[in-house]
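Shown next: run_8.txt, containing compact mmCIF, N, CA and C atoms and all ligand atoms.
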```txt
# COMPACT_ATOMS: atom_id res chain seq x y z
N MET A 55 -138.63 61.54 -54.71
CA MET A 55 -139.57 60.75 -55.50
C MET A 55 -140.23 59.69 -54.62
N ALA A 56 -141.44 59.88 -54.35
CA ALA A 56 -142.16 58.93 -53.48
C ALA A 56 -142.87 57.90 -54.33
N ALA A 57 -143.08 56.77 -53.76
CA ALA A 57 -143.85 55.74 -54.46
C ALA A 57 -145.25 56.26 -54.70
N GLY A 58 -145.73 56.00 -55.90
CA GLY A 58 -147.05 56.48 -56.23
C GLY A 58 -147.04 57.88 -56.80
N ASP A 59 -145.86 58.41 -57.03
CA ASP A 59 -145.76 59.74 -57.65
C ASP A 59 -146.37 59.68 -59.04
N PRO A 60 -147.38 60.43 -59.35
CA PRO A 60 -148.06 60.31 -60.65
C PRO A 60 -147.19 60.77 -61.81
N TYR A 61 -146.12 61.54 -61.56
CA TYR A 61 -145.29 62.01 -62.67
C TYR A 61 -144.15 61.05 -63.00
N MET A 62 -143.90 60.04 -62.18
CA MET A 62 -142.76 59.14 -62.39
C MET A 62 -143.17 57.68 -62.59
N THR A 63 -144.39 57.42 -62.90
CA THR A 63 -144.84 56.03 -62.97
C THR A 63 -144.27 55.28 -64.17
N ASP A 64 -143.86 55.95 -65.24
CA ASP A 64 -143.33 55.26 -66.41
C ASP A 64 -141.81 55.22 -66.43
N PHE A 65 -141.16 55.74 -65.40
CA PHE A 65 -139.70 55.75 -65.37
C PHE A 65 -139.18 54.39 -64.90
N PRO A 66 -138.35 53.69 -65.73
CA PRO A 66 -137.89 52.36 -65.33
C PRO A 66 -136.84 52.44 -64.23
N LEU A 67 -137.07 51.75 -63.16
CA LEU A 67 -136.13 51.72 -62.05
C LEU A 67 -135.31 50.44 -62.04
N GLY A 68 -135.49 49.57 -63.01
CA GLY A 68 -134.73 48.34 -63.12
C GLY A 68 -134.67 47.94 -64.57
N PRO A 69 -133.96 46.87 -64.88
CA PRO A 69 -133.86 46.42 -66.28
C PRO A 69 -135.23 46.04 -66.83
N LEU A 70 -135.44 46.35 -68.09
CA LEU A 70 -136.64 45.89 -68.79
C LEU A 70 -136.20 44.62 -69.51
N TRP A 71 -136.46 43.46 -68.90
CA TRP A 71 -135.80 42.21 -69.28
C TRP A 71 -135.96 41.80 -70.74
N PRO A 72 -137.11 41.89 -71.35
CA PRO A 72 -137.16 41.48 -72.77
C PRO A 72 -136.22 42.32 -73.63
N GLY A 73 -136.23 43.62 -73.45
CA GLY A 73 -135.34 44.48 -74.22
C GLY A 73 -133.89 44.27 -73.84
N GLN A 74 -133.63 44.06 -72.57
CA GLN A 74 -132.26 43.82 -72.11
C GLN A 74 -131.69 42.57 -72.78
N LEU A 75 -132.49 41.51 -72.83
CA LEU A 75 -132.01 40.26 -73.41
C LEU A 75 -131.81 40.40 -74.92
N VAL A 76 -132.75 41.07 -75.59
CA VAL A 76 -132.63 41.25 -77.04
C VAL A 76 -131.40 42.12 -77.34
N ASN A 77 -131.20 43.20 -76.60
CA ASN A 77 -130.05 44.06 -76.84
C ASN A 77 -128.75 43.33 -76.56
N SER A 78 -128.70 42.55 -75.49
CA SER A 78 -127.48 41.82 -75.18
C SER A 78 -127.15 40.83 -76.29
N ALA A 79 -128.16 40.11 -76.78
CA ALA A 79 -127.93 39.15 -77.86
C ALA A 79 -127.49 39.87 -79.13
N PHE A 80 -128.17 40.95 -79.47
CA PHE A 80 -127.85 41.68 -80.70
C PHE A 80 -126.42 42.23 -80.67
N TYR A 81 -126.07 42.95 -79.61
CA TYR A 81 -124.74 43.55 -79.56
C TYR A 81 -123.65 42.51 -79.31
N GLY A 82 -124.01 41.41 -78.65
CA GLY A 82 -123.05 40.33 -78.48
C GLY A 82 -122.69 39.71 -79.82
N VAL A 83 -123.69 39.44 -80.64
CA VAL A 83 -123.44 38.87 -81.97
C VAL A 83 -122.65 39.87 -82.82
N LEU A 84 -123.02 41.14 -82.73
CA LEU A 84 -122.32 42.18 -83.50
C LEU A 84 -120.84 42.24 -83.12
N MET A 85 -120.55 42.24 -81.83
CA MET A 85 -119.15 42.33 -81.39
C MET A 85 -118.40 41.05 -81.69
N PHE A 86 -119.07 39.89 -81.57
CA PHE A 86 -118.42 38.63 -81.91
C PHE A 86 -118.02 38.64 -83.39
N GLY A 87 -118.91 39.10 -84.27
CA GLY A 87 -118.60 39.17 -85.70
C GLY A 87 -117.46 40.14 -85.97
N ALA A 88 -117.46 41.28 -85.30
CA ALA A 88 -116.40 42.27 -85.51
C ALA A 88 -115.05 41.72 -85.06
N MET A 89 -115.02 41.05 -83.91
CA MET A 89 -113.76 40.51 -83.41
C MET A 89 -113.27 39.35 -84.28
N THR A 90 -114.20 38.50 -84.74
CA THR A 90 -113.83 37.40 -85.61
C THR A 90 -113.26 37.92 -86.93
N ALA A 91 -113.89 38.96 -87.49
CA ALA A 91 -113.40 39.54 -88.74
C ALA A 91 -112.04 40.18 -88.53
N ALA A 92 -111.82 40.86 -87.41
CA ALA A 92 -110.53 41.50 -87.14
C ALA A 92 -109.43 40.44 -87.02
N ARG A 93 -109.73 39.33 -86.35
CA ARG A 93 -108.71 38.28 -86.23
C ARG A 93 -108.41 37.65 -87.58
N ALA A 94 -109.45 37.45 -88.42
CA ALA A 94 -109.24 36.86 -89.75
C ALA A 94 -108.41 37.80 -90.62
N LEU A 95 -108.67 39.10 -90.53
CA LEU A 95 -107.87 40.06 -91.31
C LEU A 95 -106.42 40.04 -90.85
N GLY A 96 -106.20 39.93 -89.57
CA GLY A 96 -104.83 39.88 -89.05
C GLY A 96 -104.10 38.63 -89.52
N ARG A 97 -104.79 37.48 -89.51
CA ARG A 97 -104.17 36.24 -90.00
C ARG A 97 -103.83 36.35 -91.48
N GLY A 98 -104.75 36.92 -92.28
CA GLY A 98 -104.48 37.08 -93.71
C GLY A 98 -103.28 38.00 -93.96
N ARG A 99 -103.19 39.07 -93.20
CA ARG A 99 -102.07 40.01 -93.35
C ARG A 99 -100.75 39.32 -92.99
N ARG A 100 -100.74 38.54 -91.90
CA ARG A 100 -99.51 37.84 -91.51
C ARG A 100 -99.13 36.80 -92.56
N ARG A 101 -100.15 36.09 -93.11
CA ARG A 101 -99.87 35.07 -94.13
C ARG A 101 -99.25 35.72 -95.37
N ARG A 102 -99.79 36.86 -95.82
CA ARG A 102 -99.24 37.55 -97.00
C ARG A 102 -97.82 38.02 -96.77
N LYS A 103 -97.46 38.33 -95.53
CA LYS A 103 -96.11 38.81 -95.23
C LYS A 103 -95.13 37.67 -94.99
N GLY A 104 -95.58 36.41 -95.17
CA GLY A 104 -94.69 35.26 -94.98
C GLY A 104 -94.49 34.90 -93.51
N LEU A 105 -95.45 35.31 -92.66
CA LEU A 105 -95.36 34.99 -91.24
C LEU A 105 -96.38 33.91 -90.90
N CYS A 106 -96.14 33.19 -89.86
CA CYS A 106 -97.13 32.23 -89.38
C CYS A 106 -98.40 33.00 -89.03
N PRO A 107 -99.58 32.56 -89.53
CA PRO A 107 -100.80 33.30 -89.23
C PRO A 107 -101.20 33.25 -87.76
N TRP A 108 -100.69 32.31 -87.00
CA TRP A 108 -101.10 32.15 -85.60
C TRP A 108 -100.13 32.78 -84.63
N CYS A 109 -98.80 32.70 -84.89
CA CYS A 109 -97.84 33.23 -83.91
C CYS A 109 -96.93 34.30 -84.51
N ALA A 110 -97.06 34.59 -85.82
CA ALA A 110 -96.31 35.64 -86.50
C ALA A 110 -94.82 35.35 -86.59
N TYR A 111 -94.44 34.09 -86.45
CA TYR A 111 -93.04 33.71 -86.64
C TYR A 111 -92.75 33.67 -88.14
N PRO A 112 -91.60 34.19 -88.61
CA PRO A 112 -91.32 34.18 -90.05
C PRO A 112 -91.04 32.77 -90.55
N VAL A 113 -91.93 32.23 -91.41
CA VAL A 113 -91.81 30.84 -91.86
C VAL A 113 -91.81 30.72 -93.39
N GLY A 114 -92.04 31.76 -94.14
CA GLY A 114 -92.14 31.63 -95.58
C GLY A 114 -93.52 31.15 -95.97
N ASN A 115 -93.61 30.33 -97.05
CA ASN A 115 -94.92 29.95 -97.57
C ASN A 115 -95.20 28.46 -97.53
N THR A 116 -94.30 27.65 -97.03
CA THR A 116 -94.52 26.20 -97.08
C THR A 116 -94.31 25.57 -95.71
N GLY A 117 -94.93 24.40 -95.55
CA GLY A 117 -94.70 23.59 -94.37
C GLY A 117 -95.36 24.14 -93.12
N PRO A 118 -95.33 23.35 -92.08
CA PRO A 118 -95.87 23.84 -90.80
C PRO A 118 -94.91 24.85 -90.16
N CYS A 119 -95.45 25.65 -89.31
CA CYS A 119 -94.65 26.65 -88.60
C CYS A 119 -93.63 25.93 -87.72
N SER A 120 -92.37 26.34 -87.81
CA SER A 120 -91.34 25.68 -86.99
C SER A 120 -91.39 26.16 -85.55
N GLU A 121 -92.14 27.21 -85.28
CA GLU A 121 -92.23 27.72 -83.92
C GLU A 121 -93.40 27.10 -83.16
N CYS A 122 -94.60 27.09 -83.80
CA CYS A 122 -95.78 26.61 -83.06
C CYS A 122 -96.39 25.36 -83.70
N GLY A 123 -95.94 24.96 -84.90
CA GLY A 123 -96.45 23.74 -85.53
C GLY A 123 -97.74 23.92 -86.29
N ALA A 124 -98.29 25.12 -86.35
CA ALA A 124 -99.53 25.35 -87.08
C ALA A 124 -99.29 25.22 -88.57
N PRO A 125 -100.27 24.69 -89.34
CA PRO A 125 -100.11 24.60 -90.78
C PRO A 125 -100.07 25.98 -91.42
N VAL A 126 -99.14 26.17 -92.35
CA VAL A 126 -99.04 27.45 -93.08
C VAL A 126 -99.38 27.16 -94.53
N ALA A 127 -100.53 27.62 -94.99
CA ALA A 127 -100.98 27.31 -96.35
C ALA A 127 -100.46 28.32 -97.34
ZN ZN B 201 -96.49 29.66 -85.71
```
Could you show the structure in this file as structure tokens?
Amino acid sequence: MAAGDPYMTDFPLGPLWPGQLVNSAFYGVLMFGAMTAARALGRGRRRRKGLCPWCAYPVGNTGPCSECGAPVA
């Protein structure tokens, strides 16, 4: 492929920066939301099972966690 090849002039040889930035922002926000939701679901599941939502130490339903000190609601 030589420079000036009339059949390859529209082929991108580097990042197309506006699209690259928009895609990075879009998928970054999407993955951040997915990871945040997954962590929240895990904390809720641990809380329902009577475990500390942050360290999964068995603490019951009252008081701060005796292992890490986090509040257990
Ligand atoms: Zn804890």
Mind dumping a table of every chain A residue within 5 Å of ligand ZN 201 (chain B), with the nearest atom pair and its distance in Å to one decimal, using only N, CA and C atoms and all ligand atoms, sorted by chain and rising number, as CSV?
```
residue,atom,partner,partner_atom,distance
A:Cys106,CA,B:ZN201,ZN,4.5
A:Trp108,C,B:ZN201,ZN,4.9
A:Cys109,N,B:ZN201,ZN,3.9
A:Ala110,N,B:ZN201,ZN,5.0
A:Tyr111,N,B:ZN201,ZN,4.9
A:Cys119,CA,B:ZN201,ZN,4.6
A:Glu121,C,B:ZN201,ZN,4.8
A:Cys122,N,B:ZN201,ZN,3.7
A:Gly123,N,B:ZN201,ZN,4.8
A:Ala124,N,B:ZN201,ZN,4.9
```
(message) Write out as an MDAnalysis selection string the set of residues from chain A that DSSP, computed on the backbone, places in helix (DSSP H, G or I).
(response) chainID A and resid 71:102
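Taking atom N of Ala94 (chain A) and atom N of Pro107 (chain A) as endpoints, the distance between them is 11.1 Å.
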Selection: 9 Å around Lys103 (chain A), only C-alpha atoms, excl. self and same-chain fewer than 5 positions, as a compact mmCIF listing (two decimals) with N, CA and C atoms, in the frame of the given file:
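selection_1.txt, freshly written:
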```
# COMPACT_ATOMS: atom_id res chain seq x y z
N GLY A 98 -104.75 36.92 -92.28
CA GLY A 98 -104.48 37.08 -93.71
C GLY A 98 -103.28 38.00 -93.96
N PRO A 112 -91.60 34.19 -88.61
CA PRO A 112 -91.32 34.18 -90.05
C PRO A 112 -91.04 32.77 -90.55
N GLY A 114 -92.04 31.76 -94.14
CA GLY A 114 -92.14 31.63 -95.58
C GLY A 114 -93.52 31.15 -95.97
```
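Straight-line separation from CA of Pro125 (chain A) to atom N of Met85 (chain A): 28.4 Å.
What separates atom C of Val113 (chain A) from atom N of Met89 (chain A) is a distance of 27.1 Å.
Using all atoms listed in the file, the shortest contact distance between Leu105 (chain A) and any of A:Phe86, A:Gly73, A:Val126, A:Ala91 is found at A:Val126.
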If I wrap all listed atoms of region 87-93 of chain A in a box with edges along x, y and z and add 6 Å on each side, what are its centre and edge lengths in Å to one decimal, as lines of an AutoDock Vina configuration file?
```
center_x = -113.7
center_y = 39.8
center_z = -86.1
size_x = 22.5
size_y = 16.9
size_z = 17.3
```
